[in-house]
>>> print(open('work08.cif').read())   # mmCIF, C-alpha atoms
data_input
loop_
_atom_site.label_atom_id
_atom_site.label_comp_id
_atom_site.auth_asym_id
_atom_site.auth_seq_id
_atom_site.Cartn_x
_atom_site.Cartn_y
_atom_site.Cartn_z
CA MET P 1 -22.49 35.82 -30.35
CA ALA P 2 -20.88 39.18 -29.74
CA LEU P 3 -17.18 39.53 -30.44
CA GLY P 4 -16.47 40.24 -26.77
CA ASP P 5 -18.24 37.06 -25.65
CA GLU P 6 -16.40 35.04 -28.27
CA LEU P 7 -13.05 36.40 -27.10
CA ARG P 8 -13.91 35.60 -23.49
CA ASP P 9 -14.80 32.02 -24.46
CA ILE P 10 -11.52 31.65 -26.32
CA ALA P 11 -9.63 33.01 -23.32
CA ALA P 12 -11.45 30.63 -20.97
CA GLN P 13 -10.66 27.68 -23.24
CA GLU P 14 -7.02 28.73 -23.35
CA ARG P 15 -6.87 28.93 -19.54
CA ALA P 16 -8.49 25.51 -19.25
CA ALA P 17 -6.03 24.07 -21.77
CA LYS P 18 -3.09 25.57 -19.86
CA ALA P 19 -4.41 24.18 -16.57
CA GLU P 20 -4.81 20.72 -18.10
CA LEU P 21 -1.32 20.96 -19.59
CA SER P 22 0.06 21.88 -16.17
CA LEU P 23 -1.66 18.89 -14.56
CA LEU P 24 -0.32 16.57 -17.24
CA HIS P 25 3.16 18.00 -16.75
CA ASN P 26 2.99 17.46 -12.99
CA GLU P 27 1.75 13.90 -13.52
CA LEU P 28 4.60 13.27 -15.95
CA VAL P 29 7.13 14.61 -13.44
CA ARG P 30 5.66 12.44 -10.66
CA THR P 31 5.67 9.34 -12.87
CA GLN P 32 9.25 9.99 -13.94
CA ARG P 33 10.29 10.43 -10.28
CA GLU P 34 8.64 7.13 -9.34
CA LEU P 35 10.33 5.43 -12.29
CA ASP P 36 13.70 6.83 -11.25
CA GLU P 37 13.15 5.61 -7.68
CA ALA P 38 12.15 2.17 -8.93
CA ASN P 39 15.27 1.98 -11.11
CA GLU P 40 17.43 3.05 -8.15
CA ILE P 41 15.87 0.33 -5.99
CA ARG P 42 16.34 -2.26 -8.74
CA ASN P 43 19.98 -1.28 -9.15
CA LEU P 44 20.47 -1.34 -5.38
CA ILE P 45 18.96 -4.82 -5.04
CA SER P 46 21.22 -6.12 -7.80
CA THR P 47 24.24 -5.24 -5.66
CA PHE P 48 22.99 -7.05 -2.55
CA SER P 49 24.83 -10.12 -1.37
CA ALA P 50 22.87 -13.38 -1.07
CA VAL P 51 25.46 -15.08 1.12
CA ASN P 52 23.27 -15.13 4.27
CA LEU P 53 19.91 -15.80 2.60
CA THR P 54 19.62 -19.38 3.78
CA VAL P 55 18.05 -21.48 6.50
CA PRO P 56 20.84 -22.67 8.81
CA LYS P 57 21.12 -26.35 9.72
CA TRP P 58 21.32 -25.65 13.45
CA THR P 59 17.62 -24.71 13.59
CA ARG P 60 16.54 -28.16 12.39
CA ASN P 61 19.06 -30.63 13.77
CA THR P 62 17.40 -32.58 16.58
CA ALA P 63 19.94 -35.37 17.06
CA GLY P 64 20.81 -35.78 20.73
CA LYS P 65 19.17 -32.52 21.77
CA ALA P 66 16.64 -33.66 24.34
CA GLY P 67 16.84 -32.10 27.79
CA LYS P 68 18.00 -28.54 28.25
CA LYS P 69 18.66 -27.58 24.60
CA ALA P 70 16.34 -24.94 23.11
CA ILE P 71 16.01 -22.08 20.64
CA ALA P 72 15.04 -18.62 21.91
CA THR P 73 12.20 -17.42 19.65
CA LEU P 74 11.12 -13.80 19.29
CA GLN P 75 8.31 -12.32 17.22
CA LEU P 76 9.01 -8.90 15.71
CA SER P 77 5.75 -7.38 14.57
CA ASP P 78 3.95 -4.10 13.96
CA THR P 79 6.77 -1.77 14.88
CA HIS P 80 5.25 0.90 12.60
CA PHE P 81 8.50 2.82 12.45
CA ASP P 82 8.18 6.58 11.85
CA GLU P 83 4.54 6.79 12.91
CA VAL P 84 3.74 9.58 15.36
CA ILE P 85 1.28 8.93 18.21
CA GLN P 86 0.26 11.90 20.36
CA SER P 87 -0.31 11.00 24.01
CA ALA P 88 -2.66 13.96 24.47
CA GLN P 89 -5.07 12.39 21.99
CA ILE P 90 -5.30 8.99 23.73
CA ALA P 91 -5.62 9.87 27.43
CA GLN P 92 -1.84 9.83 27.98
CA PHE P 93 -1.71 6.05 27.50
CA ASN P 94 1.06 5.98 24.89
CA HIS P 95 3.38 8.21 22.91
CA TYR P 96 5.46 7.30 19.86
CA ASP P 97 7.87 8.83 17.39
CA ARG P 98 11.21 7.93 15.81
CA ARG P 99 13.21 8.66 18.97
CA ILE P 100 10.95 6.53 21.15
CA ALA P 101 10.82 3.75 18.56
CA THR P 102 14.62 3.63 18.56
CA MET P 103 14.60 3.32 22.36
CA ARG P 104 11.98 0.56 22.27
CA LEU P 105 13.85 -1.46 19.65
CA LYS P 106 16.95 -1.38 21.86
CA ALA P 107 14.80 -2.23 24.91
CA LEU P 108 13.38 -5.19 22.99
CA GLY P 109 16.85 -6.59 22.42
CA GLN P 110 17.92 -6.03 26.02
CA GLY P 111 14.61 -7.35 27.37
CA THR P 112 14.80 -10.50 25.27
CA ILE P 113 18.26 -11.28 26.62
CA LYS P 114 17.17 -10.51 30.19
CA VAL P 115 14.10 -12.74 30.06
CA ALA P 116 15.99 -15.58 28.36
CA ARG P 117 18.98 -15.43 30.72
CA ASP P 118 17.67 -14.13 34.06
CA TYR P 119 14.05 -15.31 34.22
CA ILE P 120 14.42 -18.70 32.55
CA ALA P 121 17.05 -20.79 34.26
CA GLY P 122 18.82 -23.94 33.12
CA VAL P 123 18.23 -23.61 29.37
CA GLU P 124 21.11 -24.05 26.94
CA TYR P 125 20.21 -21.87 23.95
CA GLU P 126 21.56 -23.03 20.61
CA GLY P 127 20.61 -19.75 19.03
CA CYS P 128 17.78 -17.29 18.53
CA THR P 129 15.17 -17.13 15.77
CA ILE P 130 13.17 -14.00 14.95
CA LEU P 131 9.83 -14.35 13.17
CA ALA P 132 9.23 -10.92 11.63
CA THR P 133 5.54 -10.74 10.71
CA GLY P 134 5.28 -7.36 9.03
CA ASP P 135 4.33 -3.72 9.33
CA ILE P 136 7.86 -2.68 10.13
CA PHE P 137 6.99 0.76 8.74
CA SER P 138 3.89 2.88 9.25
CA GLY P 139 3.81 3.67 5.52
CA ASP P 140 1.57 6.12 3.73
CA ILE P 141 -1.37 3.97 2.64
CA HIS P 142 -3.66 6.36 4.57
CA ALA P 143 -3.67 10.12 4.04
CA GLU P 144 -3.45 10.84 7.78
CA LEU P 145 -0.29 8.73 8.07
CA LYS P 146 1.30 10.44 5.10
CA GLU P 147 0.65 13.79 6.76
CA THR P 148 1.82 12.90 10.26
CA ASN P 149 4.68 10.39 9.77
CA VAL P 150 8.19 11.54 10.62
CA GLY P 151 9.31 11.23 7.01
CA THR P 152 8.82 9.37 3.76
CA LEU P 153 9.22 5.62 3.44
CA PHE P 154 12.55 5.98 1.68
CA GLU P 155 13.88 8.31 4.38
CA GLY P 156 12.70 5.79 6.95
CA VAL P 157 14.59 2.93 5.31
CA VAL P 158 17.81 4.96 5.34
CA TYR P 159 17.43 5.63 9.08
CA TRP P 160 16.16 2.23 10.21
CA VAL P 161 18.51 -0.13 8.37
CA PRO P 162 21.47 0.65 10.67
CA GLN P 163 19.18 0.59 13.73
CA MET P 164 17.99 -2.90 12.82
CA VAL P 165 21.54 -4.03 12.11
CA ALA P 166 22.56 -2.91 15.61
CA PHE P 167 19.54 -4.68 17.13
CA LEU P 168 20.34 -7.97 15.39
CA ARG P 169 24.00 -7.78 16.35
CA LEU P 170 23.01 -7.21 19.98
CA LEU P 171 21.08 -10.49 19.94
CA ALA P 172 23.79 -12.32 17.99
CA ASP P 173 26.41 -11.21 20.51
CA ASP P 174 24.49 -12.98 23.26
CA PHE P 175 22.91 -16.00 21.54
CA LYS P 176 25.88 -16.52 19.16
CA ARG P 177 23.61 -17.63 16.30
CA LEU P 178 20.60 -15.72 14.95
CA HIS P 179 18.14 -16.53 12.17
CA VAL P 180 15.63 -13.97 10.86
CA ALA P 181 12.54 -15.23 8.99
CA ALA P 182 10.56 -12.32 7.56
CA VAL P 183 7.36 -11.62 5.65
CA VAL P 184 5.93 -8.23 4.69
CA GLY P 185 2.89 -6.53 6.20
CA ASN P 186 0.28 -4.34 4.59
CA HIS P 187 1.47 -0.87 5.65
CA GLY P 188 4.68 -0.95 3.64
CA ARG P 189 3.03 -1.52 0.28
CA MET P 190 3.58 0.95 -2.55
CA THR P 191 0.09 0.54 -4.02
CA LEU P 192 -3.13 2.15 -2.79
CA LYS P 193 -4.93 -1.20 -2.62
CA PRO P 194 -3.45 -4.62 -1.75
CA ILE P 195 -2.26 -6.69 -4.69
CA TYR P 196 -1.39 -10.37 -5.01
CA LYS P 197 1.02 -10.47 -7.96
CA ASN P 198 4.54 -9.62 -6.71
CA ARG P 199 3.08 -8.53 -3.39
CA PRO P 200 6.27 -8.71 -1.30
CA GLN P 201 8.48 -7.29 -4.05
CA GLY P 202 6.22 -4.20 -4.20
CA ASN P 203 6.55 -3.62 -0.46
CA ILE P 204 9.25 -1.44 1.13
CA GLU P 205 9.79 -4.09 3.84
CA TRP P 206 11.07 -6.59 1.29
CA LEU P 207 13.71 -4.07 0.24
CA PHE P 208 14.40 -3.19 3.89
CA TRP P 209 15.16 -6.77 4.93
CA HIS P 210 17.34 -7.41 1.88
CA TRP P 211 19.30 -4.24 2.66
CA VAL P 212 19.71 -5.30 6.31
CA ALA P 213 20.89 -8.73 5.17
CA ASP P 214 23.37 -7.11 2.82
CA HIS P 215 24.81 -5.03 5.66
CA LEU P 216 25.31 -8.25 7.62
CA ALA P 217 26.61 -10.35 4.74
CA ASP P 218 30.01 -10.71 6.43
CA ASP P 219 28.53 -11.76 9.77
CA GLU P 220 28.32 -15.55 9.65
CA ARG P 221 26.35 -15.64 12.91
CA ILE P 222 23.24 -14.10 11.30
CA THR P 223 21.15 -15.64 8.52
CA PHE P 224 17.96 -14.53 6.77
CA GLN P 225 14.90 -16.13 5.23
CA ILE P 226 13.11 -13.30 3.38
CA SER P 227 9.89 -14.55 1.86
CA ASP P 228 8.89 -13.90 -1.74
CA GLY P 229 5.31 -14.85 -0.84
CA LEU P 230 2.47 -13.63 1.34
CA SER P 231 3.31 -16.25 3.98
CA ASP P 232 6.09 -18.68 4.69
CA THR P 233 7.08 -21.58 6.96
CA THR P 234 10.17 -22.29 8.99
CA THR P 235 11.04 -25.33 11.08
CA LEU P 236 12.67 -25.16 14.51
CA TYR P 237 13.86 -28.62 15.46
CA SER P 238 10.85 -30.69 14.33
CA THR P 239 8.17 -28.02 14.85
CA ARG P 240 6.90 -26.23 11.76
CA PHE P 241 5.74 -22.61 12.11
CA GLU P 242 3.56 -20.92 9.47
CA TYR P 243 3.84 -17.15 9.68
CA GLU P 244 2.27 -14.21 7.90
CA HIS P 245 1.12 -10.71 8.71
CA GLY P 246 -2.58 -11.48 9.17
CA ASP P 247 -4.27 -8.66 7.22
CA GLU P 248 -6.01 -11.22 5.03
CA PHE P 249 -8.01 -12.36 8.07
CA LYS P 250 -10.88 -9.89 8.14
CA GLY P 251 -12.93 -8.83 11.13
CA GLY P 252 -12.04 -8.59 14.78
CA SER P 253 -14.22 -5.65 15.87
CA GLY P 254 -16.83 -7.81 17.64
CA ILE P 255 -16.84 -8.88 21.28
CA ALA P 256 -14.60 -11.88 20.46
CA GLY P 257 -11.97 -9.48 19.12
CA ALA P 258 -9.29 -10.93 16.87
CA ARG P 259 -10.04 -14.52 17.88
CA SER P 260 -12.90 -15.00 15.40
CA PRO P 261 -11.08 -14.01 12.18
CA LEU P 262 -7.85 -15.64 13.35
CA LEU P 263 -9.41 -19.00 14.15
CA LEU P 264 -11.16 -19.00 10.78
CA GLY P 265 -7.95 -17.98 9.04
CA GLN P 266 -5.99 -20.60 10.94
CA HIS P 267 -8.44 -23.30 9.87
CA ARG P 268 -8.41 -22.28 6.21
CA THR P 269 -4.62 -22.05 6.15
CA ALA P 270 -4.26 -25.45 7.83
CA VAL P 271 -6.52 -27.04 5.20
CA GLN P 272 -4.60 -25.28 2.43
CA ARG P 273 -1.20 -26.32 3.74
CA MET P 274 -2.35 -29.89 4.31
CA ALA P 275 -3.52 -30.10 0.70
CA MET P 276 -0.14 -28.73 -0.42
CA GLY P 277 1.69 -31.36 1.60
CA THR P 278 3.23 -28.79 3.97
CA PRO P 279 1.25 -29.04 7.23
CA PHE P 280 2.24 -26.91 10.22
CA GLU P 281 1.78 -27.07 13.98
CA TRP P 282 1.75 -23.35 14.81
CA MET P 283 0.51 -20.21 13.06
CA VAL P 284 2.23 -16.91 13.96
CA VAL P 285 0.54 -13.64 12.99
CA GLY P 286 0.63 -9.92 13.72
CA HIS P 287 -1.61 -7.14 12.36
CA PHE P 288 -4.12 -7.03 15.24
CA HIS P 289 -1.69 -5.44 17.72
CA GLN P 290 -2.66 -7.89 20.42
CA TYR P 291 -0.43 -10.24 22.40
CA GLN P 292 -1.42 -13.89 22.61
CA PRO P 293 1.09 -16.43 23.93
CA PRO P 294 1.28 -19.89 22.30
CA SER P 295 -2.12 -21.53 22.67
CA GLN P 296 -4.14 -23.92 20.50
CA GLY P 297 -1.68 -23.65 17.63
CA LEU P 298 -1.83 -19.83 17.43
CA ILE P 299 0.68 -17.14 18.44
CA MET P 300 0.24 -13.35 18.17
CA GLY P 301 3.06 -11.11 19.26
CA GLY P 302 1.62 -7.69 20.03
CA SER P 303 2.93 -4.37 18.75
CA LEU P 304 6.08 -2.36 19.41
CA LYS P 305 4.34 0.97 18.79
CA GLY P 306 1.44 0.22 21.15
CA TYR P 307 -1.96 1.89 21.46
CA ASP P 308 -2.80 4.57 18.91
CA GLU P 309 -5.49 7.07 17.94
CA TYR P 310 -7.30 4.61 15.67
CA ALA P 311 -7.58 1.96 18.41
CA SER P 312 -8.70 4.61 20.89
CA GLY P 313 -11.34 5.96 18.52
CA LYS P 314 -12.70 2.43 17.99
CA HIS P 315 -12.72 1.88 21.79
CA PHE P 316 -10.49 -1.18 21.55
CA ARG P 317 -9.02 -2.44 24.79
CA PRO P 318 -5.57 -0.83 25.21
CA GLU P 319 -2.43 -2.93 25.34
CA ARG P 320 1.08 -1.98 26.35
CA PRO P 321 3.82 -2.02 23.69
CA GLN P 322 5.16 -5.56 23.73
CA GLN P 323 6.46 -8.42 21.62
CA GLY P 324 6.04 -12.16 22.04
CA PHE P 325 8.90 -14.38 23.19
CA TRP P 326 8.95 -18.12 23.77
CA VAL P 327 11.33 -21.02 24.14
CA THR P 328 11.18 -23.69 21.42
CA SER P 329 12.35 -27.10 22.61
CA PRO P 330 13.21 -30.19 20.54
CA GLU P 331 10.61 -32.32 22.32
CA HIS P 332 7.62 -29.99 22.71
CA GLY P 333 7.97 -27.00 20.40
CA PRO P 334 6.88 -23.72 22.07
CA THR P 335 7.04 -24.06 25.85
CA ILE P 336 7.88 -21.21 28.24
CA SER P 337 6.57 -17.87 26.94
CA ALA P 338 6.50 -14.25 28.07
CA PRO P 339 5.83 -10.81 26.59
CA ILE P 340 8.84 -8.51 26.26
CA LEU P 341 7.58 -5.16 27.57
CA VAL P 342 9.38 -2.24 25.94
CA GLN P 343 7.73 0.94 27.22
CA ASP P 344 9.45 3.11 29.85
CA ARG P 345 7.56 6.40 30.20
CA ARG P 346 10.19 8.06 32.35
CA ALA P 347 13.05 7.18 30.02
CA GLU P 348 10.98 8.08 26.96
CA GLY P 349 10.18 11.45 28.49
CA TRP P 350 6.44 11.87 28.15
#
>>> encode(input="work08.cif", output="structure tokens")
Amino acid sequence: MALGDELRDIAAQERAAKAELSLLHNELVRTQRELDEANEIRNLISTFSAVNLTVPKWTRNTAGKAGKKAIATLQLSDTHFDEVIQSAQIAQFNHYDRRIATMRLKALGQGTIKVARDYIAGVEYEGCTILATGDIFSGDIHAELKETNVGTLFEGVVYWVPQMVAFLRLLADDFKRLHVAAVVGNHGRMTLKPIYKNRPQGNIEWLFWHWVADHLADDERITFQISDGLSDTTTLYSTRFEYEHGDEFKGGSGIAGARSPLLLGQHRTAVQRMAMGTPFEWMVVGHFHQYQPPSQGLIMGGSLKGYDEYASGKHFRPERPQQGFWVTSPEHGPTISAPILVQDRRAEGW
């Protein structure tokens, strides 16, 4: 080999070594940043108050409550905060960003109170329960979301914690007592693929709800049940609700839509819970962005963000942004139900 060729090979190897060293350095910086963020979150969680992390007795006491007594029950699901939906890309059917999401969250609170008070007469509410079934944040589990979201997940938490606190206080001001039972979805996870060990604790929503609860630690009207598992149960009077996000129930693209995977998932979960000695009457899920009022033991509460580019591209039937609301009575469980519609195109300005 000529000396010139040998020198060129050495130079090429040196450039390759420098490039590899640069990549390793960048990876080290990224890993250190993630470690610092994890330590900050761990330190933050250690300061949170646990005073309101309990199931209140008023949700389960049935003594002498037949007649007009009831609990207002709202499902909060698939808000996908900080996602951006462009109306021009979906035939002007929907538009969504942080400003509009803030308006819709407020409209959800006001609409819940209006339906409960103005459209349903003669009911004496003993309080309100929210079943939060996940996907509070859009997240960055897909590259297109990471590129188009308003900000990062951590920036989103900083913005949305006070918004959620205001929303919960709005409901507590009217219903006097409010209980929030929450599980995580799949969009808030910090891993590329779903995991099962420490699944909630590795999801930004788990941190979000604990932070919200900490902000409200001095408000005795509001209590929280933040699940450390994939699913959880809560009892209103004598009716047991099993709730989870629903992403473990695969399918839903056929002509039967979400019904097929949900009915199968409902059956499997019922068998599982029965074997565990914790049977339930009603399953509450999100994930599929479809509204289904209480029927045959299944409830699905729709989506706050509404129709998006993915649903349009798959030619799914469009649905308006809405959340499920129903009245839970001591005698019959879920009775009167209605969707809370949150979209106002004129007010939202698109």
>>> resolve_selection(input="work08.cif", expression="the PyMOL selection byres ((chain P and resi 105-117) around 7)", output="VMD selection string")
chain P and resid 101 to 104 118 to 121 167 170 to 171 340 342
>>> closest_residue(input="work08.cif", among="P:Ile141, P:Ile204, P:Ala338, P:Cys128", to="Pro56 of chain P", atoms="all atoms listed in the file")
P:Cys128
>>> resolve_selection(input="work08.cif", expression="the PyMOL selection byres ((chain P and resi 242) around 6)", output="mmCIF file with C-alpha atoms, keeping the file's coordinate frame")
data_model
loop_
_atom_site.group_PDB
_atom_site.id
_atom_site.type_symbol
_atom_site.label_atom_id
_atom_site.label_comp_id
_atom_site.auth_asym_id
_atom_site.auth_seq_id
_atom_site.Cartn_x
_atom_site.Cartn_y
_atom_site.Cartn_z
ATOM 1 C CA ASP P 232 6.090 -18.680 4.690
ATOM 2 C CA THR P 233 7.080 -21.580 6.960
ATOM 3 C CA PHE P 241 5.740 -22.610 12.110
ATOM 4 C CA TYR P 243 3.840 -17.150 9.680
ATOM 5 C CA MET P 283 0.510 -20.210 13.060
#
>>> atom_distance(input="work08.cif", atom1="atom CA of Tyr159 of chain P", atom2="atom CA of Lys146 of chain P")
17.3 Å
>>> closest_residue(input="work08.cif", among="P:Leu168, P:Val55, P:Ile100, P:Leu263", to="Gly306 of chain P", atoms="all atoms listed in the file")
P:Ile100
>>> closest_residue(input="work08.cif", among="P:Asp78, P:Met276, P:Thr59, P:Met190", to="Phe288 of chain P", atoms="all atoms listed in the file")
P:Asp78
>>> closest_residue(input="work08.cif", among="P:His289, P:Ser329, P:Phe280, P:His315", to="Asp247 of chain P", atoms="all atoms listed in the file")
P:His289
>>> atom_distance(input="work08.cif", atom1="atom CA of Gly134 of chain P", atom2="atom CA of Ser77 of chain P")
5.6 Å
>>> residues_around(input="work08.cif", residues="Gln296 of chain P", least_positions_apart="4", cutoff="12 Å", atoms="all atoms listed in the file", output="number ranges by chain")
P: 259, 262-263, 266-267, 281-284, 292, 300, 334
>>> residues_around(input="work08.cif", residues="segment 209-220 of chain P", least_positions_apart="6", cutoff="9 Å", atoms="only C-alpha atoms", output="list of chain:residue names")
P:Leu44, P:Ile45, P:Thr47, P:Phe48, P:Ser49, P:Ala50, P:Val51, P:Asn52, P:Leu53, P:Val157, P:Val161, P:Pro162, P:Met164, P:Val165, P:Arg169, P:Arg177, P:Ala182, P:Ile226
>>> atom_distance(input="work08.cif", atom1="atom CA of Gly127 of chain P", atom2="atom CA of Ser231 of chain P")
23.2 Å
>>> closest_residue(input="work08.cif", among="P:Tyr237, P:Phe316, P:Phe208, P:Tyr310", to="Gln163 of chain P", atoms="all atoms listed in the file")
P:Phe208
>>> closest_residue(input="work08.cif", among="P:Thr235, P:Asn198, P:Gln89, P:Asn149", to="Gly313 of chain P", atoms="only C-alpha atoms")
P:Gln89
>>> resolve_selection(input="work08.cif", expression="the PyMOL selection byres ((chain P and resi 202) around 12)", output="JSON, numbers by chain")
{"P": [38, 41, 42, 184, 185, 186, 187, 188, 189, 190, 191, 192, 193, 194, 195, 196, 197, 198, 199, 200, 201, 203, 204, 205, 206, 207, 208, 228, 229, 230]}
>>> residues_around(input="work08.cif", residues="Ala132 of chain P", least_positions_apart="6", cutoff="8 Å", atoms="all atoms listed in the file", output="list in words")
Gln75, Leu76, Ser77, Val180, Ala181, Ala182 and Val183 of chain P
>>> axis_aligned_box(input="work08.cif", around="segment 8-17 of chain P", padding_each_side="4 Å", output="AutoDock Vina command-line options")
--center_x -10.4 --center_y 29.8 --center_z -22.8 --size_x 16.8 --size_y 19.5 --size_z 15.1
